[in-house]
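Okay, structure first, notes after.
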Amino acid sequence: MDTRPKVSSLLNRMANYTNLTQGAKEHEEAENITEGKKKPTKTMLTAISMSAIATNGVVPAGGSYFMISRALGPEFGGAVGLCFYLGTTFAAAMYILGAIEIFLVYIVPRAAIFRSDDAFKESAAMLNNMRVYGTAFLVLMVLVVFIGVRYVNKFASLFLACVIVSILAIYAGAIKSSFAPPHFPVCMLGNRTLSSRHIDICSKTKEMNNMTVPSKLWGFFCNSSQFFNATCDEYFVHNNVTSIQGIPGLASGVITENLWSNYLPKGEILEKPSAKSSDVLGSLNHEYVLVDITTSFTLLVGIFFPSVTGIMAGSNRSGDLKDAQKSIPIGTILAILTTSFVYLSNVVLFGACIEGVVLRDKFGDAVKGNLVVGTLSWPSPWVIVIGSFFSTCGAGLQSLTGAPRLLQAIAKDNIIPFLRVFGHSKANGEPTWALLLTAAIAELGILIASLDLVAPILSMFFLMCYLFVNLACALQTLLRTPNWRPRFRYYHWALSFMGMSICLALMFISSWYYAIVAMVIAGMIYKYIEYQGAEKEWGDGIRGLSLSAARFALLRLEEGPPHTKNWRPQLLVLLKLDEDLHVKHPRLLTFASQLKAGKGLTIVGSVIVGNFLENYGEALAAEQTIKHLMEAEKVKGFCQLVVAAKLKEGISHLIQSCGLGGMKHNTVVMGWPNGWRQSEDARAWKTFIGTVRVTTAAHLALLVAKNISFFPSNVEQFSEGHIDVWWIVHDGGMLMLLPFLLKQHKVWRKCNIRIFTVAQLEDNSIQMKKDLATFLYHLRIEAEVEVVEMHDSDISAYTYERTLMMEQRSQMLRHMRLSKTERDREAQLVKDRNSMLRLTSIGSDEDEETETYQEKVHMTWTKDKYMASRGQKAKSMEGFQDLLNMRPDQSNVRRMHTAVKLNEVIVNKSHEAKLVLLNMPGPPRNPEGDENYMEFLEVLTEGLERVLLVRGGGSEVITIYS
């Protein structure tokens with residue numbers, strides 16, 4: 001019976017889908033729409049990108065994290081999501097600190113617990129007060145959020161009303177100042193601003209009992225003396241004390257003086273440039289109003305930016321919205337337009353109504369600690385004070401509400417294992433554990449206590465989040481992902497790219513060292529998720545980008561054959577499976593991982609005998625088994641399972657069809673059929689020989705590992721030993737390259753390479769050793785060289801295979817002594833790409849192939865040498881073919897003689913070697929000689945613990961040229 005759902009029921013479920021989290025029914029629907037209107041963004045570009053992403057499908061809980069992770073993948077999503085979570089959490093600390101500063105400085109100054117009469121220690125005492133009261137406020141707010149978000153929503157209306165009333169009061173006060181400016185005097189000494197906290201009147205003298213006596217100000221500049229004949233500060237003597245209007249009003253024209261920037265270093269005296277002043281220096285006096293921190297454009301951007309980061313406030317609680325796709329774009333864009341107007345208009349009004357020295361007076365020292373904006377407002381300064389206090393408290397509550405939900409969404413995705421506990425919640429869906437962690441991190445920000453230090457930290461986290469929102473939108477647009485169908489149409493990839501660039505620039509403009517720290521933190525989280533996190537597939541843009549890049553790279557590889565210098569073994573590892581679909585020889589995969597050292601292409605293939613329709617499930621199970629083994633052995637590659645009626649056919653299919661385009665294997669790795677002599681079933685070794693023949697026909701290199709169970713695991717490390725290479729015939733230098741690659745792995749790193757070559761009696765062994773050492777020097781391979789002399793008849797059956805003879809190899813070594821000009825003219829060391837000297841099997845089906853010579857092919861040998869060698873090889877090939885096709889008794893005698901003699905020499909020299917590599921001759925053309933061929937290889941390698949038989953395919957090469 002078909003259990004698939006009907007279209008009607010499917011559509012019904014999709015139409016009635018809700019993204020509300022459990023317990024969200026208690027949340028009021030209007031809460032989040034108003035929340036996004038509280039704070040604007042620096043630019044509209046990020047809002048446009050976010051609107052496009054938000055309208056491209058359902059947005060559950062998690063908001064910005066969900067959008068970034070589904071667009072850029074779990075690694076980027078987790079890294080940026082956690083950074084944004086930290087930014088939102090530190091924002092809660094910043095808002096609480098702002099509320100405490102308003103409370104202690106402007107509302108109830110007497111509530112301060114720590115006090116100091118010393119001006120130097122006064123700021124430190126204030127920080128301690130903010131730590132104590134900030135912690136108390138944090139605990140209170142966490143309790144409100146813990147009880148239920150509905151209470152936060154009820155407070156939200158009150159907080160919003162306070163903000164609106166405060167803004168209207170500022171506009172009303174600015175208009176009133178144009179015809180009736182408030183009385184707001186500022187005392188000046190020359191052009192220098194004086195603090196009004198300790199002086200009684202703005203004058204050097206005062207009238208007392210009809211007498212003129214020095215004022216308190218006189219004593220501050222005249223060594224605390226109250227006599228007119230006292231020695232006073234030079235600047236105090238030469239300049240008059242005057243009083244100016246701190247808020248002259250809109251009609252005063254003060255905006256012309258405030259129009260230009262004036263950044264000052266810490267400790268500098270605030271001066272009014274247009275005021276008269278004598279050109280004398282005087283001494284620094286604490287009664288002047290001093291700059292509290294060194295200011296610059298970049299610093300002020302970092303401090304100001306967190307106040308305009310509300311762009312993500314509503315999106316963080318997307319799971320509580322009735323229709324996030326509608327609410328997020330409308331609420332965010334309207335919030336930006338509204339608050340941008342409010343911010344810009346206020347900047348203009350302040351500059352047009354207030355003196356510059358008052359605007360730069362952070363703590364109101366020149367105006368007896370009054371809130372300047374409050375004095376400007378109408379009808380009362382308390383409107384601004386109370387409004388600012390409640391708005392910062394509301395912003396803190398919203399941050400403490402949104403941050404835990406963001407962390408809960410990240411934890412529920414299960415991409416960061418150690419965060420799983422924070423995915424749990426109360427019965428009504430409230431993220432309890434996430435709230436506790438948020439409170440703990442916010443407490444760290446409160447302990448810092450300084451707004452100027454906390455603000456740049458969260459600026460980095462917010463900017464990084466905005467950067468990746470823009471990147472996600474641009475990437476999805478450029479890739480033209482079929483699933484990218486946002487309802488919001490007013491976006492363009494160029495706008496997103498511009499927004500991303502601005503965010504990156506602002507990060508380094510505001511604080512380059514904080515920017516680097518934030519990027520390092522995000523990078524560490526990214527690598528952790530990539531290495532340790534659970535695998536997730538969300539159809540993200542990074543995966544799409546990878547597909548596009550892979551497609552581009554594969555097409556580029558098809559443009560021409562790879563250069564010889566780019567050749568490297570691209571492995572197809574053939575694994576055998578037992579009846580339970582387990583890998584028989586896992587060490588073969590271990591060896592492949594050591595050979596590749598994590599680089600290059602690796603395809604792991606296996607064959608299941610049977611019918612594909614019937615054995616499809618077994619194939620999937622076997623594929624998973626192999627993938628788990630690859631993961632355990634740290635093999636980065638691909639798995640390919642083939643179901644075939646016969647084993648040899650399946651192997652043939654793998655060899656022919658694995659890979660894609662230019663990313664195909666060029667080397668086959670397989671194990672030796674152990675126990676083939678004792679087995680009654682001849683199919684094992686016949687399949688082995690068949691695989692050798694197929695590999696040779698495909699012009700692929702072949703590596704056969706014998707005694708694979710004795711090969712070392714990845715946890716074993718040889719502290720000493722040798723890798724011995726028996727270079728009997730020239731095969732393009734692959735025998736030289738393999739030990740070099742193995743030594744890149746930690747298991748073989750401390751082993752030394754020894755190169756053994758076999759010389760005939762008529763060869764000059766001493767000269768051959770020198771030539772081979774020179775050859776290795778040019779190859780940049782460090783190895784010991786040894787020449788072993790043997791009689792020609794002892795190695796005839798081996799060397800007379802269709803490869804280069806010893807005389808030709810000697811010519812190649814002598815070639816290394818040619819002059820540079822001759823060497824450049826001759827050619828770089830190796831092979832003919834057009835089958836001129838293919839290293840194929842003895843008597844293979846390719847014996848009749850036409851071999852052509854091209855003048856432009858880079859060859860070590862000249863044309864004359866090649867033609868001469870062809871005639872000699874043809875005779876030797878004919879003789880060796882006759883050898884393998886003789887009567888069994890005579891053939892065995894000749895063949896075994898060669899094998900035994902070579903084996904004696906190899907065992908004598910390499911019995912203690914950690915690994916022995918030697919050339920592998922090809923099988924005979926006539927299948928009747930297959931068993932003799934197996935015997936030959938068995939005898940040849942007898943007594944050796946670990947053996948790697950190597951057969952070149954004709955395309956591999958190792959070159960002496962850079």
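Chain lettering (A, B, ...) mirrors the order of the structure tokens, residue numbering begins at 1 for each chain separately, and ligand numbering begins at 1 in order of display.
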Show which residues sit within 12 Å of Pro214 in chain A, as a ChimeraX atom specification. Count only C-alpha atoms, and ignore same-chain residues fewer than 3 positions away. /A:199-208,211,217-222,224-230,232
Need to verify the contact set: Leu143 in chain A, 12 Å, only C-alpha atoms, exclusion of same-chain residues closer than 3 positions in sequence. Can you return it as a CSV table (one decimal) with N, CA and C atoms, in the first residue's frame?
```
chain,number,residue,atom,x,y,z
A,136,ALA,N,23.5,44.3,40.5
A,136,ALA,CA,22.1,44.3,41.1
A,136,ALA,C,21.1,44.4,40.0
A,137,PHE,N,21.3,45.4,39.1
A,137,PHE,CA,20.3,45.6,38.0
A,137,PHE,C,20.3,44.3,37.1
A,138,LEU,N,21.4,43.7,36.8
A,138,LEU,CA,21.5,42.5,36.0
A,138,LEU,C,20.6,41.4,36.6
A,139,VAL,N,20.8,41.2,37.9
A,139,VAL,CA,20.1,40.1,38.6
A,139,VAL,C,18.6,40.4,38.5
A,140,LEU,N,18.2,41.6,38.7
A,140,LEU,CA,16.8,42.0,38.6
A,140,LEU,C,16.2,41.8,37.2
A,146,PHE,N,13.3,35.7,33.2
A,146,PHE,CA,13.1,34.3,33.6
A,146,PHE,C,11.6,34.0,33.9
A,147,ILE,N,10.9,35.0,34.6
A,147,ILE,CA,9.5,34.8,34.9
A,147,ILE,C,8.7,34.7,33.6
A,148,GLY,N,9.0,35.5,32.6
A,148,GLY,CA,8.3,35.3,31.3
A,148,GLY,C,8.5,36.5,30.5
A,149,VAL,N,8.6,36.2,29.2
A,149,VAL,CA,8.8,37.3,28.2
A,149,VAL,C,7.6,38.2,28.1
A,151,TYR,N,6.2,39.8,30.4
A,151,TYR,CA,6.4,41.0,31.2
A,151,TYR,C,7.3,41.9,30.5
A,152,VAL,N,8.3,41.4,29.8
A,152,VAL,CA,9.2,42.3,29.0
A,152,VAL,C,8.4,43.0,28.0
A,397,LEU,N,16.8,44.8,28.7
A,397,LEU,CA,15.9,43.7,28.8
A,397,LEU,C,15.7,43.0,27.5
A,400,LEU,N,18.7,40.8,26.8
A,400,LEU,CA,18.7,39.6,27.7
A,400,LEU,C,17.6,38.7,27.2
A,401,THR,N,16.6,39.2,26.5
A,401,THR,CA,15.6,38.3,25.9
A,401,THR,C,16.0,37.7,24.6
A,432,THR,N,16.1,28.5,29.6
A,432,THR,CA,16.6,28.7,31.0
A,432,THR,C,18.1,28.7,31.1
A,435,LEU,N,19.8,31.5,29.3
A,435,LEU,CA,19.7,32.7,30.0
A,435,LEU,C,20.7,32.9,31.1
A,436,LEU,N,21.0,31.8,31.8
A,436,LEU,CA,22.0,31.8,32.8
A,436,LEU,C,23.4,32.1,32.3
A,439,ALA,N,23.6,35.7,31.3
A,439,ALA,CA,23.8,36.6,32.5
A,439,ALA,C,25.2,36.5,33.0
```
What's around Ala169 in chain A at 6 Å? Count only C-alpha atoms, leave out sequence neighbours fewer than 3 positions away in its own chain, and write the answer as an NGL selection string. :A and (166 or 172 or 377-378)
Grab the residues selected above and save them as a CSV table (one decimal), in the first residue's frame with N, CA and C atoms.
```csv
chain,number,residue,atom,x,y,z
A,166,SER,N,10.7,61.7,25.1
A,166,SER,CA,12.0,62.4,25.2
A,166,SER,C,12.4,63.0,23.9
A,172,ALA,N,11.0,70.2,21.0
A,172,ALA,CA,10.3,71.4,21.5
A,172,ALA,C,11.3,72.4,22.2
A,377,SER,N,16.0,70.6,26.6
A,377,SER,CA,14.6,70.0,26.4
A,377,SER,C,13.6,70.9,27.1
A,378,TRP,N,12.3,70.7,26.6
A,378,TRP,CA,11.2,71.4,27.2
A,378,TRP,C,10.1,70.4,27.4
```
Grab the CA of Thr242 in chain A to CA of Cys187 in chain A distance for me, in Å with one decimal place. 6.0 Å
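By only C-alpha atoms, and with residues fewer than 5 positions from range 346-357 of chain A along its chain excluded, the set lying at most 6 Å from it is Gly246, Ile247, Pro248, Gly249, Leu250, Val254, Ile255 and Asn258 of chain A.
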Include all heavy atoms and write out the residues we just selected as a compact mmCIF listing (two decimals), in the first residue's frame.
```txt
# COMPACT_ATOMS: atom_id res chain seq x y z
N GLY A 246 25.93 78.72 27.68
CA GLY A 246 26.22 77.37 27.19
C GLY A 246 25.27 76.90 26.12
O GLY A 246 25.64 76.11 25.24
N ILE A 247 24.01 77.37 26.19
CA ILE A 247 23.03 77.03 25.15
C ILE A 247 22.50 78.34 24.57
O ILE A 247 21.47 78.87 25.00
CB ILE A 247 21.87 76.18 25.73
CG1 ILE A 247 22.42 74.92 26.39
CG2 ILE A 247 20.87 75.80 24.63
CD1 ILE A 247 21.37 74.02 27.00
N PRO A 248 23.21 78.90 23.59
CA PRO A 248 22.78 80.19 23.04
C PRO A 248 21.53 80.10 22.17
O PRO A 248 20.90 81.11 21.90
CB PRO A 248 24.00 80.64 22.23
CG PRO A 248 24.71 79.38 21.89
CD PRO A 248 24.47 78.43 23.02
N GLY A 249 21.18 78.90 21.68
CA GLY A 249 19.95 78.72 20.92
C GLY A 249 20.16 78.67 19.43
O GLY A 249 21.25 78.92 18.90
N LEU A 250 19.06 78.33 18.72
CA LEU A 250 19.13 78.15 17.26
C LEU A 250 19.53 79.42 16.52
O LEU A 250 20.21 79.35 15.50
CB LEU A 250 17.76 77.67 16.75
CG LEU A 250 17.46 76.17 16.81
CD1 LEU A 250 16.04 75.89 16.38
CD2 LEU A 250 18.45 75.39 15.95
N VAL A 254 25.90 79.62 16.39
CA VAL A 254 27.02 78.86 16.93
C VAL A 254 27.36 77.65 16.07
O VAL A 254 28.44 77.07 16.19
CB VAL A 254 26.68 78.42 18.38
CG1 VAL A 254 25.62 77.32 18.38
CG2 VAL A 254 27.93 77.92 19.11
N ILE A 255 26.47 77.29 15.17
CA ILE A 255 26.72 76.12 14.31
C ILE A 255 27.93 76.32 13.41
O ILE A 255 28.61 75.37 13.04
CB ILE A 255 25.46 75.80 13.47
CG1 ILE A 255 25.63 74.42 12.80
CG2 ILE A 255 25.20 76.89 12.43
CD1 ILE A 255 24.38 73.94 12.11
N ASN A 258 30.79 75.07 15.40
CA ASN A 258 30.74 73.62 15.69
C ASN A 258 30.77 72.76 14.44
O ASN A 258 30.74 71.53 14.54
CB ASN A 258 29.45 73.30 16.46
CG ASN A 258 29.44 73.94 17.84
OD1 ASN A 258 30.49 74.18 18.42
ND2 ASN A 258 28.26 74.21 18.37
```
Distance criterion (only C-alpha atoms): nearest to Val186 in chain A out of A:Gln408, A:Asn370, A:Gln398, A:Ser261: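 Looking at the shortest contact to Val186 in chain A, the residue is A:Asn370.
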Counting only C-alpha atoms, what is within 8 Å of Val900 in chain A, bar same-chain residues fewer than 3 positions away, as a PyMOL selection string? chain A and resi 896-897+903-904+939-940
